[in-house]
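Raw contents of model15.json, JSON, C-alpha atoms:
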[["chain", "number", "residue", "atom", "x", "y", "z"],
["A", 72, "MET", "CA", -1.60, 18.69, -54.87],
["A", 73, "SER", "CA", -0.85, 20.81, -51.85],
["A", 74, "GLN", "CA", -4.51, 20.61, -50.84],
["A", 75, "ALA", "CA", -4.41, 16.80, -51.06],
["A", 76, "MET", "CA", -1.27, 16.71, -48.91],
["A", 77, "ALA", "CA", -2.87, 18.99, -46.35],
["A", 78, "GLY", "CA", -5.94, 16.71, -46.26],
["A", 79, "ALA", "CA", -3.80, 13.66, -45.65],
["A", 80, "MET", "CA", -2.22, 15.38, -42.65],
["A", 81, "ASP", "CA", -5.57, 16.22, -41.04],
["A", 82, "PRO", "CA", -6.64, 14.25, -37.98],
["A", 83, "PRO", "CA", -9.43, 11.68, -38.39],
["A", 84, "PHE", "CA", -12.89, 13.02, -37.66],
["A", 85, "PRO", "CA", -14.47, 12.79, -35.21],
["A", 86, "ALA", "CA", -11.18, 13.00, -33.33],
["A", 87, "GLU", "CA", -10.52, 9.91, -31.22],
["A", 88, "ARG", "CA", -10.35, 10.57, -27.51],
["A", 89, "GLY", "CA", -7.85, 8.93, -25.22],
["A", 90, "ILE", "CA", -8.43, 7.94, -21.60],
["A", 91, "GLU", "CA", -11.23, 10.21, -20.47],
["A", 92, "VAL", "CA", -9.69, 11.38, -17.22],
["A", 93, "TYR", "CA", -8.10, 14.67, -16.34],
["A", 94, "ASN", "CA", -4.33, 14.99, -16.56],
["A", 95, "LYS", "CA", -3.53, 14.96, -12.84],
["A", 96, "LYS", "CA", -5.45, 11.73, -12.31],
["A", 97, "LEU", "CA", -3.86, 10.08, -15.35],
["A", 98, "GLY", "CA", -0.46, 11.23, -14.11],
["A", 99, "MET", "CA", -1.11, 9.73, -10.69],
["A", 100, "TRP", "CA", -2.16, 6.40, -12.19],
["A", 101, "ILE", "CA", 1.01, 6.29, -14.31],
["A", 102, "PHE", "CA", 3.06, 7.13, -11.21],
["A", 103, "LEU", "CA", 1.28, 4.38, -9.25],
["A", 104, "ALA", "CA", 2.06, 1.92, -12.06],
["A", 105, "SER", "CA", 5.75, 2.75, -11.60],
["A", 106, "GLU", "CA", 5.32, 2.36, -7.84],
["A", 107, "VAL", "CA", 3.92, -1.14, -8.35],
["A", 108, "MET", "CA", 7.19, -2.05, -10.08],
["A", 109, "PHE", "CA", 9.23, -0.39, -7.31],
["A", 110, "PHE", "CA", 7.54, -2.36, -4.54],
["A", 111, "ALA", "CA", 7.51, -5.51, -6.70],
["A", 112, "ALA", "CA", 11.31, -5.24, -6.86],
["A", 113, "LEU", "CA", 11.54, -4.89, -3.07],
["A", 114, "ILE", "CA", 9.07, -7.69, -2.31],
["A", 115, "GLY", "CA", 10.58, -9.88, -5.04],
["A", 116, "SER", "CA", 14.08, -9.44, -3.57],
["A", 117, "TYR", "CA", 12.68, -10.34, -0.14],
["A", 118, "VAL", "CA", 11.00, -13.51, -1.45],
["A", 119, "ILE", "CA", 14.15, -14.59, -3.30],
["A", 120, "LEU", "CA", 16.42, -13.90, -0.31],
["A", 121, "ARG", "CA", 14.07, -15.56, 2.15],
["A", 122, "PHE", "CA", 13.25, -18.72, 0.24],
["A", 123, "GLY", "CA", 16.71, -19.00, -1.26],
["A", 124, "ALA", "CA", 18.38, -18.68, 2.16],
["A", 125, "THR", "CA", 20.25, -21.75, 3.37],
["A", 126, "GLY", "CA", 19.08, -21.52, 6.98],
["A", 127, "GLU", "CA", 15.69, -21.13, 8.66],
["A", 128, "TRP", "CA", 13.99, -17.74, 8.97],
["A", 129, "ALA", "CA", 12.93, -16.26, 12.33],
["A", 130, "LYS", "CA", 9.40, -17.38, 13.27],
["A", 131, "PRO", "CA", 6.69, -14.67, 13.35],
["A", 132, "GLY", "CA", 6.14, -12.89, 16.65],
["A", 133, "ILE", "CA", 9.58, -13.50, 18.20],
["A", 134, "VAL", "CA", 11.41, -10.38, 17.01],
["A", 135, "LEU", "CA", 8.54, -8.24, 15.67],
["A", 136, "SER", "CA", 5.43, -7.35, 17.65],
["A", 137, "ILE", "CA", 2.39, -8.56, 15.70],
["A", 138, "GLN", "CA", -0.11, -6.86, 18.06],
["A", 139, "ILE", "CA", 1.30, -3.35, 17.67],
["A", 140, "THR", "CA", 1.61, -3.71, 13.91],
["A", 141, "ALA", "CA", -1.89, -5.17, 13.60],
["A", 142, "PHE", "CA", -3.17, -2.07, 15.37],
["A", 143, "ASN", "CA", -1.12, 0.07, 12.97],
["A", 144, "THR", "CA", -2.59, -1.83, 10.01],
["A", 145, "PHE", "CA", -6.08, -1.19, 11.32],
["A", 146, "LEU", "CA", -5.19, 2.49, 11.77],
["A", 147, "LEU", "CA", -4.08, 2.74, 8.13],
["A", 148, "ILE", "CA", -7.27, 1.01, 6.96],
["A", 149, "CYS", "CA", -9.30, 3.52, 9.03],
["A", 150, "SER", "CA", -7.36, 6.41, 7.46],
["A", 151, "SER", "CA", -8.15, 5.01, 4.01],
["A", 152, "VAL", "CA", -11.85, 5.02, 4.90],
["A", 153, "SER", "CA", -11.67, 8.58, 6.23],
["A", 154, "MET", "CA", -9.93, 9.65, 2.99],
["A", 155, "VAL", "CA", -12.66, 8.18, 0.85],
["A", 156, "LYS", "CA", -15.26, 9.81, 3.13],
["A", 157, "ALA", "CA", -13.53, 13.17, 2.51],
["A", 158, "TYR", "CA", -13.77, 12.50, -1.24],
["A", 159, "ALA", "CA", -17.47, 11.58, -0.98],
["A", 160, "ALA", "CA", -18.20, 14.64, 1.20],
["A", 161, "ILE", "CA", -16.75, 17.17, -1.27],
["A", 162, "GLN", "CA", -18.35, 15.34, -4.19],
["A", 163, "ASP", "CA", -21.72, 15.86, -2.45],
["A", 164, "GLY", "CA", -20.88, 19.53, -1.80],
["A", 165, "PHE", "CA", -20.09, 19.40, 1.93],
["A", 166, "PRO", "CA", -16.70, 21.15, 2.32],
["A", 167, "ASP", "CA", -16.83, 21.18, 6.15],
["A", 168, "LYS", "CA", -17.31, 17.43, 6.28],
["A", 169, "MET", "CA", -14.50, 17.05, 3.77],
["A", 170, "LYS", "CA", -12.18, 19.13, 6.01],
["A", 171, "PHE", "CA", -13.06, 16.97, 9.02],
["A", 172, "TRP", "CA", -12.41, 13.66, 7.24],
["A", 173, "LEU", "CA", -9.22, 14.96, 5.65],
["A", 174, "LEU", "CA", -7.95, 16.02, 9.09],
["A", 175, "MET", "CA", -8.82, 12.56, 10.46],
["A", 176, "THR", "CA", -6.83, 11.00, 7.60],
["A", 177, "ILE", "CA", -3.82, 13.21, 8.36],
["A", 178, "LEU", "CA", -4.00, 12.26, 12.04],
["A", 179, "GLY", "CA", -4.31, 8.57, 11.17],
["A", 180, "GLY", "CA", -1.29, 8.73, 8.86],
["A", 181, "ALA", "CA", 0.77, 10.69, 11.39],
["A", 182, "CYS", "CA", -0.09, 8.15, 14.12],
["A", 183, "PHE", "CA", 0.96, 5.32, 11.80],
["A", 184, "VAL", "CA", 4.37, 6.95, 11.24],
["A", 185, "GLY", "CA", 4.70, 7.69, 14.98],
["A", 186, "ILE", "CA", 3.98, 4.07, 15.92],
["A", 187, "GLN", "CA", 6.45, 2.86, 13.28],
["A", 188, "VAL", "CA", 9.16, 5.12, 14.71],
["A", 189, "TYR", "CA", 8.34, 3.80, 18.21],
["A", 190, "GLU", "CA", 8.58, 0.24, 16.85],
["A", 191, "TYR", "CA", 11.99, 0.96, 15.29],
["A", 192, "ILE", "CA", 13.33, 2.48, 18.53],
["A", 193, "HIS", "CA", 12.01, -0.49, 20.51],
["A", 194, "LEU", "CA", 13.54, -2.99, 18.06],
["A", 195, "VAL", "CA", 16.95, -1.28, 18.05],
["A", 196, "GLU", "CA", 16.92, -1.17, 21.86],
["A", 197, "HIS", "CA", 16.36, -4.94, 21.86],
["A", 198, "GLY", "CA", 19.26, -5.38, 19.46],
["A", 199, "PHE", "CA", 17.45, -5.82, 16.11],
["A", 200, "VAL", "CA", 19.46, -3.71, 13.66],
["A", 201, "PRO", "CA", 19.64, -3.67, 9.82],
["A", 202, "SER", "CA", 22.76, -5.83, 9.92],
["A", 203, "GLY", "CA", 21.01, -8.47, 12.07],
["A", 204, "PHE", "CA", 21.49, -8.45, 15.83],
["A", 205, "ARG", "CA", 23.76, -6.46, 18.17],
["A", 206, "GLU", "CA", 26.24, -8.34, 20.35],
["A", 207, "GLY", "CA", 25.31, -8.37, 24.03],
["A", 208, "SER", "CA", 21.66, -7.55, 23.37],
["A", 209, "HIS", "CA", 18.48, -9.43, 24.28],
["A", 210, "LEU", "CA", 18.26, -10.67, 20.70],
["A", 211, "ALA", "CA", 21.84, -11.99, 20.85],
["A", 212, "GLU", "CA", 20.78, -14.15, 23.83],
["A", 213, "LEU", "CA", 17.88, -15.57, 21.80],
["A", 214, "VAL", "CA", 20.31, -16.38, 18.98],
["A", 215, "GLU", "CA", 22.70, -18.07, 21.44],
["A", 216, "ASN", "CA", 20.00, -20.29, 22.96],
["A", 217, "GLY", "CA", 18.77, -21.28, 19.50],
["A", 218, "THR", "CA", 15.39, -19.48, 19.54],
["A", 219, "LEU", "CA", 16.50, -17.38, 16.57],
["A", 220, "PRO", "CA", 18.61, -18.59, 13.62],
["A", 221, "ALA", "CA", 21.98, -16.81, 13.49],
["A", 222, "ALA", "CA", 22.59, -17.47, 9.78],
["A", 223, "THR", "CA", 19.66, -15.48, 8.39],
["A", 224, "MET", "CA", 19.38, -12.66, 10.94],
["A", 225, "GLY", "CA", 21.38, -10.29, 8.72],
["A", 226, "LEU", "CA", 19.05, -10.84, 5.78],
["A", 227, "TYR", "CA", 16.03, -10.58, 8.08],
["A", 228, "GLY", "CA", 17.18, -7.21, 9.46],
["A", 229, "SER", "CA", 18.15, -5.67, 6.13],
["A", 230, "THR", "CA", 14.99, -6.75, 4.28],
["A", 231, "PHE", "CA", 12.73, -5.71, 7.16],
["A", 232, "TYR", "CA", 14.18, -2.21, 7.51],
["A", 233, "THR", "CA", 14.40, -1.67, 3.74],
["A", 234, "MET", "CA", 10.78, -2.61, 2.98],
["A", 235, "THR", "CA", 9.11, -1.04, 6.01],
["A", 236, "GLY", "CA", 11.42, 1.99, 5.79],
["A", 237, "PHE", "CA", 10.51, 2.73, 2.18],
["A", 238, "HIS", "CA", 6.85, 2.22, 2.96],
["A", 239, "GLY", "CA", 7.12, 4.55, 5.97],
["A", 240, "PHE", "CA", 8.75, 7.15, 3.70],
["A", 241, "HIS", "CA", 5.77, 6.87, 1.34],
["A", 242, "VAL", "CA", 3.34, 7.31, 4.23],
["A", 243, "THR", "CA", 5.28, 10.38, 5.40],
["A", 244, "CYS", "CA", 5.10, 11.86, 1.87],
["A", 245, "GLY", "CA", 1.35, 11.18, 1.85],
["A", 246, "VAL", "CA", 0.86, 12.93, 5.19],
["A", 247, "ILE", "CA", 2.82, 15.96, 3.95],
["A", 248, "ALA", "CA", 0.78, 16.06, 0.71],
["A", 249, "MET", "CA", -2.50, 15.86, 2.64],
["A", 250, "LEU", "CA", -1.34, 18.53, 5.08],
["A", 251, "TYR", "CA", -0.61, 20.78, 2.10],
["A", 252, "LEU", "CA", -4.09, 20.12, 0.70],
["A", 253, "TYR", "CA", -5.68, 20.80, 4.08],
["A", 254, "LEU", "CA", -3.83, 24.05, 4.80],
["A", 255, "PHE", "CA", -3.61, 25.61, 1.35],
["A", 256, "LYS", "CA", -6.62, 24.19, -0.52],
["A", 257, "ALA", "CA", -9.30, 22.87, 1.85],
["A", 258, "LEU", "CA", -9.16, 25.52, 4.58],
["A", 259, "PRO", "CA", -9.25, 28.50, 2.13],
["A", 260, "GLY", "CA", -12.29, 26.85, 0.50],
["A", 261, "LYS", "CA", -10.73, 26.16, -2.90],
["A", 262, "TYR", "CA", -12.51, 22.81, -3.33],
["A", 263, "THR", "CA", -16.10, 22.61, -4.53],
["A", 264, "SER", "CA", -18.38, 19.79, -5.67],
["A", 265, "GLN", "CA", -17.26, 20.67, -9.23],
["A", 266, "ASP", "CA", -13.53, 20.89, -8.55],
["A", 267, "PHE", "CA", -11.88, 18.47, -6.14],
["A", 268, "GLY", "CA", -9.18, 16.87, -8.26],
["A", 269, "GLY", "CA", -6.50, 17.25, -5.55],
["A", 270, "ILE", "CA", -8.53, 15.24, -3.05],
["A", 271, "GLU", "CA", -9.10, 12.44, -5.54],
["A", 272, "VAL", "CA", -5.49, 12.30, -6.78],
["A", 273, "VAL", "CA", -3.88, 12.35, -3.32],
["A", 274, "GLY", "CA", -6.59, 9.91, -2.19],
["A", 275, "LEU", "CA", -5.49, 7.46, -4.89],
["A", 276, "TYR", "CA", -1.91, 7.68, -3.61],
["A", 277, "TRP", "CA", -3.07, 7.18, -0.03],
["A", 278, "HIS", "CA", -5.14, 4.09, -0.85],
["A", 279, "PHE", "CA", -2.19, 2.67, -2.79],
["A", 280, "VAL", "CA", 0.05, 3.12, 0.27],
["A", 281, "ASP", "CA", -2.59, 1.29, 2.33],
["A", 282, "LEU", "CA", -2.77, -1.49, -0.27],
["A", 283, "VAL", "CA", 1.01, -1.98, -0.21],
["A", 284, "TRP", "CA", 0.98, -2.15, 3.59],
["A", 285, "ILE", "CA", -1.69, -4.87, 3.52],
["A", 286, "ILE", "CA", 0.73, -7.01, 1.48],
["A", 287, "LEU", "CA", 3.81, -6.06, 3.53],
["A", 288, "PHE", "CA", 2.08, -6.74, 6.85],
["A", 289, "THR", "CA", 1.26, -10.28, 5.73],
["A", 290, "ILE", "CA", 4.60, -11.24, 4.24],
["A", 291, "VAL", "CA", 6.87, -9.51, 6.77],
["A", 292, "TYR", "CA", 5.01, -9.94, 10.05],
["A", 293, "LEU", "CA", 2.72, -12.96, 9.69],
["A", 294, "VAL", "CA", 4.50, -15.42, 7.38],
["B", 110, "MET", "CA", -12.27, 22.51, -14.15],
["B", 111, "GLU", "CA", -11.55, 19.07, -12.75],
["B", 112, "THR", "CA", -14.31, 16.71, -11.75],
["B", 113, "ALA", "CA", -14.30, 13.06, -10.88],
["B", 114, "HIS", "CA", -16.02, 10.35, -12.83],
["B", 115, "THR", "CA", -19.53, 9.91, -11.40],
["B", 116, "HIS", "CA", -20.79, 6.44, -10.46],
["B", 117, "LYS", "CA", -22.94, 4.63, -7.94],
["B", 118, "ARG", "CA", -21.18, 5.01, -4.59],
["B", 119, "PRO", "CA", -20.23, 1.86, -2.68],
["B", 120, "ASN", "CA", -20.94, 1.45, 1.04],
["B", 121, "TYR", "CA", -17.52, 2.49, 2.37],
["B", 122, "ILE", "CA", -18.33, 1.54, 5.95],
["B", 123, "LEU", "CA", -19.25, -1.98, 4.87],
["B", 124, "ILE", "CA", -15.91, -2.28, 3.05],
["B", 125, "TRP", "CA", -14.19, -1.04, 6.21],
["B", 126, "ILE", "CA", -15.94, -3.76, 8.25],
["B", 127, "TYR", "CA", -14.85, -6.38, 5.69],
["B", 128, "LEU", "CA", -11.26, -5.15, 5.93],
["B", 129, "ALA", "CA", -11.35, -5.20, 9.74],
["B", 130, "VAL", "CA", -12.78, -8.74, 9.81],
["B", 131, "LEU", "CA", -10.22, -9.98, 7.28],
["B", 132, "THR", "CA", -7.39, -8.40, 9.32],
["B", 133, "ALA", "CA", -8.72, -10.16, 12.43],
["B", 134, "ALA", "CA", -8.80, -13.44, 10.48],
["B", 135, "GLU", "CA", -5.16, -12.90, 9.45],
["B", 136, "LEU", "CA", -4.22, -12.31, 13.08],
["B", 137, "GLY", "CA", -5.96, -15.54, 14.08],
["B", 138, "LEU", "CA", -3.93, -17.40, 11.46],
["B", 139, "ALA", "CA", -0.68, -15.94, 12.83],
["B", 140, "PHE", "CA", -0.97, -18.07, 15.98],
["B", 141, "GLU", "CA", -0.10, -21.75, 16.24],
["B", 142, "LEU", "CA", -2.83, -23.73, 14.48],
["B", 143, "PRO", "CA", -3.20, -27.43, 13.61],
["B", 144, "ILE", "CA", -2.57, -26.78, 9.89],
["B", 145, "THR", "CA", 0.55, -27.16, 7.78],
["B", 146, "ALA", "CA", 2.81, -24.16, 7.12],
["B", 147, "ASN", "CA", 1.97, -24.25, 3.39],
["B", 148, "ILE", "CA", -1.79, -24.09, 3.99],
["B", 149, "LYS", "CA", -1.27, -21.25, 6.45],
["B", 150, "LEU", "CA", 0.86, -19.40, 3.89],
["B", 151, "ALA", "CA", -1.77, -19.91, 1.16],
["B", 152, "LEU", "CA", -4.58, -18.71, 3.45],
["B", 153, "LEU", "CA", -2.63, -15.62, 4.56],
["B", 154, "LEU", "CA", -1.78, -14.69, 0.97],
["B", 155, "PHE", "CA", -5.40, -15.26, -0.08],
["B", 156, "LEU", "CA", -6.64, -12.93, 2.67],
["B", 157, "ALA", "CA", -4.01, -10.29, 1.80],
["B", 158, "VAL", "CA", -4.96, -10.35, -1.89],
["B", 159, "TRP", "CA", -8.65, -10.18, -0.97],
["B", 160, "LYS", "CA", -8.02, -7.10, 1.20],
["B", 161, "ALA", "CA", -5.87, -5.47, -1.48],
["B", 162, "LEU", "CA", -8.62, -6.06, -4.05],
["B", 163, "LEU", "CA", -11.23, -4.47, -1.78],
["B", 164, "VAL", "CA", -9.05, -1.36, -1.43],
["B", 165, "GLY", "CA", -8.28, -1.20, -5.15],
["B", 166, "LEU", "CA", -11.81, -1.86, -6.40],
["B", 167, "TYR", "CA", -13.83, 0.21, -3.93],
["B", 168, "PHE", "CA", -11.58, 2.85, -2.36],
["B", 169, "MET", "CA", -9.60, 3.55, -5.55],
["B", 170, "HIS", "CA", -12.85, 3.11, -7.51],
["B", 171, "LEU", "CA", -11.32, 0.77, -10.09],
["B", 172, "LYS", "CA", -14.59, -1.17, -10.15],
["B", 173, "PHE", "CA", -16.32, 1.92, -11.52],
["B", 174, "GLU", "CA", -13.63, 3.20, -13.89],
["B", 175, "LYS", "CA", -13.56, 2.61, -17.63],
["B", 176, "TRP", "CA", -11.54, -0.29, -18.96],
["B", 177, "ASN", "CA", -8.77, 1.82, -20.46],
["B", 178, "LEU", "CA", -7.95, 3.24, -17.02],
["B", 179, "ARG", "CA", -8.32, -0.17, -15.38],
["B", 180, "MET", "CA", -5.74, -1.50, -17.84],
["B", 181, "LEU", "CA", -3.29, 1.12, -16.60],
["B", 182, "ALA", "CA", -3.64, -0.37, -13.12],
["B", 183, "ILE", "CA", -3.63, -4.01, -14.26],
["B", 184, "ILE", "CA", -0.68, -3.97, -16.71],
["B", 185, "PRO", "CA", 2.06, -3.55, -14.04],
["B", 186, "ILE", "CA", 0.81, -6.63, -12.14],
["B", 187, "PRO", "CA", 1.86, -9.28, -14.73],
["B", 188, "LEU", "CA", 5.10, -7.32, -15.24],
["B", 189, "ALA", "CA", 5.72, -7.49, -11.49],
["B", 190, "LEU", "CA", 4.99, -11.23, -11.48],
["B", 191, "ILE", "CA", 7.41, -11.75, -14.41],
["B", 192, "LEU", "CA", 10.06, -9.86, -12.41],
["B", 193, "LEU", "CA", 9.35, -12.01, -9.36],
["B", 194, "PHE", "CA", 9.40, -15.37, -11.15],
["B", 195, "ALA", "CA", 12.47, -14.42, -13.20],
["B", 196, "GLY", "CA", 14.29, -13.58, -9.98],
["B", 197, "MET", "CA", 13.12, -16.76, -8.29],
["B", 198, "SER", "CA", 14.20, -18.91, -11.22],
["B", 199, "GLU", "CA", 17.63, -17.24, -11.06],
["B", 200, "SER", "CA", 18.01, -18.21, -7.41],
["B", 201, "ILE", "CA", 16.85, -21.80, -8.11],
["B", 202, "TRP", "CA", 19.26, -22.36, -11.02]]

How does the structure come out when it is put into structure tokens?
Amino acid sequence: MSQAMAGAMDPPFPAERGIEVYNKKLGMWIFLASEVMFFAALIGSYVILRFGATGEWAKPGIVLSIQITAFNTFLLICSSVSMVKAYAAIQDGFPDKMKFWLLMTILGGACFVGIQVYEYIHLVEHGFVPSGFREGSHLAELVENGTLPAATMGLYGSTFYTMTGFHGFHVTCGVIAMLYLYLFKALPGKYTSQDFGGIEVVGLYWHFVDLVWIILFTIVYLV
Amino acid sequence: METAHTHKRPNYILIWIYLAVLTAAELGLAFELPITANIKLALLLFLAVWKALLVGLYFMHLKFEKWNLRMLAIIPIPLALILLFAGMSESIW
């Protein structure tokens, strides 16, 4: 009887395997799935506020600089390519190449954040603040002469700073994570062609951040 | 020991060129063009989704992963769309 009970409790043979990826990578994919929902909530709120607003929305290119942001978008795309080149280099067993491409990715990400900070400073100087526009500013003049709609400027400011701010925070976290990998893993030579999980996992995060920006750039700056 | 899943490697530089060209096309659409706002919106969203797919499939290697991992990436998308449409319907009603 006890033997029969013990048999019933045994696992099926051969044991079924789950998703055949290592734990860190699976963990990152689960985290990214939660991040999809996070950004979906932000973008969804933006769509609802924008298309449910009673007044018109500011036309593209009047408040926000499309040229600077297009360059920043291109920079982030380039950093995504350099990250995947770092991954390919270590997979092929070239740690020096991997270090070079990882450093390029860090520089690309840091430049993206720097340009975003410059953009924020520039926008605030011109009077574009999270609550809309500042009285007496250049933007206030545009609102007065009817170039910009007064009714939706508050929503425009708050949604813009919330979405791009959270994305910028994600980019900053990515740069810090890559800097950690570079200083404490890549430089001491801890990655080999057999063991480079950190590069792949942080790479997945970095490409996701790039993917989100591709969507944000279109809906915030171009539409 | 942690190793990545091995697969045939895509041409990353070619994907980069695609992404750059698509970004340039988006920029071109941002200017005043003799098309309606709705067509412009549809084209911009189409280009954005195309770029996002290129990043997901080739840089994140989803094209080369097994289906059970792909599902992990795909499942949140309909959930996100449900969230979006539920919110939109709330604002309409």

With a distance cut-off of 10 Å and only C-alpha atoms, select the neighbouring residues of segment 132-139 of chain B, excluding the residue or stretch itself and same-chain residues fewer than 2 positions from it, and output the selection as a count of residues only.
32

Restrict the distance test to all atoms listed in the file, flag each residue of chain B within 7 Å of chain A, and return the flagged residues as a list in words.
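Output check: Met110, Glu111, Thr112, Ala113, Tyr121, Trp125, Ala129, Ala139, Leu150, Leu153, Ala157, Ala161, Val164, Phe168, Met169, Asn177, Leu178, Leu181, Ala182, Pro185, Ala189, Leu193, Gly196, Met197 and Ser200 of chain B.
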
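The interatomic distance for the pair atom CA of Leu226 of chain A and atom CA of Cys182 of chain A works out to 28.2 Å.
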
Nearest to Phe171 of chain A among A:Ile247, A:Tyr232, A:Ala257, A:His209, with distances taken over only C-alpha atoms: which residue is it?
A:Ala257

I'd like the neighbourhood of Gly126 of chain A as an MDAnalysis selection string, where a residue qualifies if any of its atoms comes within 8 Å (using all atoms listed in the file), though same-chain residues fewer than 4 positions away should be ignored.
chainID A and resid 220 222:223

Of the candidates A:Thr176, A:Ser202, A:Ser229, A:Thr218, which shows the shortest atom-to-atom distance to Leu250 of chain A, using all atoms listed in the file?
A:Thr176

Between atom CA of Ala181 of chain A and atom CA of Arg205 of chain A - distance in Å to one decimal:
29.5 Å

Find the distance between atom CA of Tyr189 of chain A and atom CA of Glu206 of chain A and write it in Å to one decimal.
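Interatomic distance here is 21.7 Å.
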
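Candidate residues A:Gly198, A:Gln187, A:Phe231, A:Ala211 were compared for distance to Thr243 of chain A, and the nearest is A:Gln187, using only C-alpha atoms.
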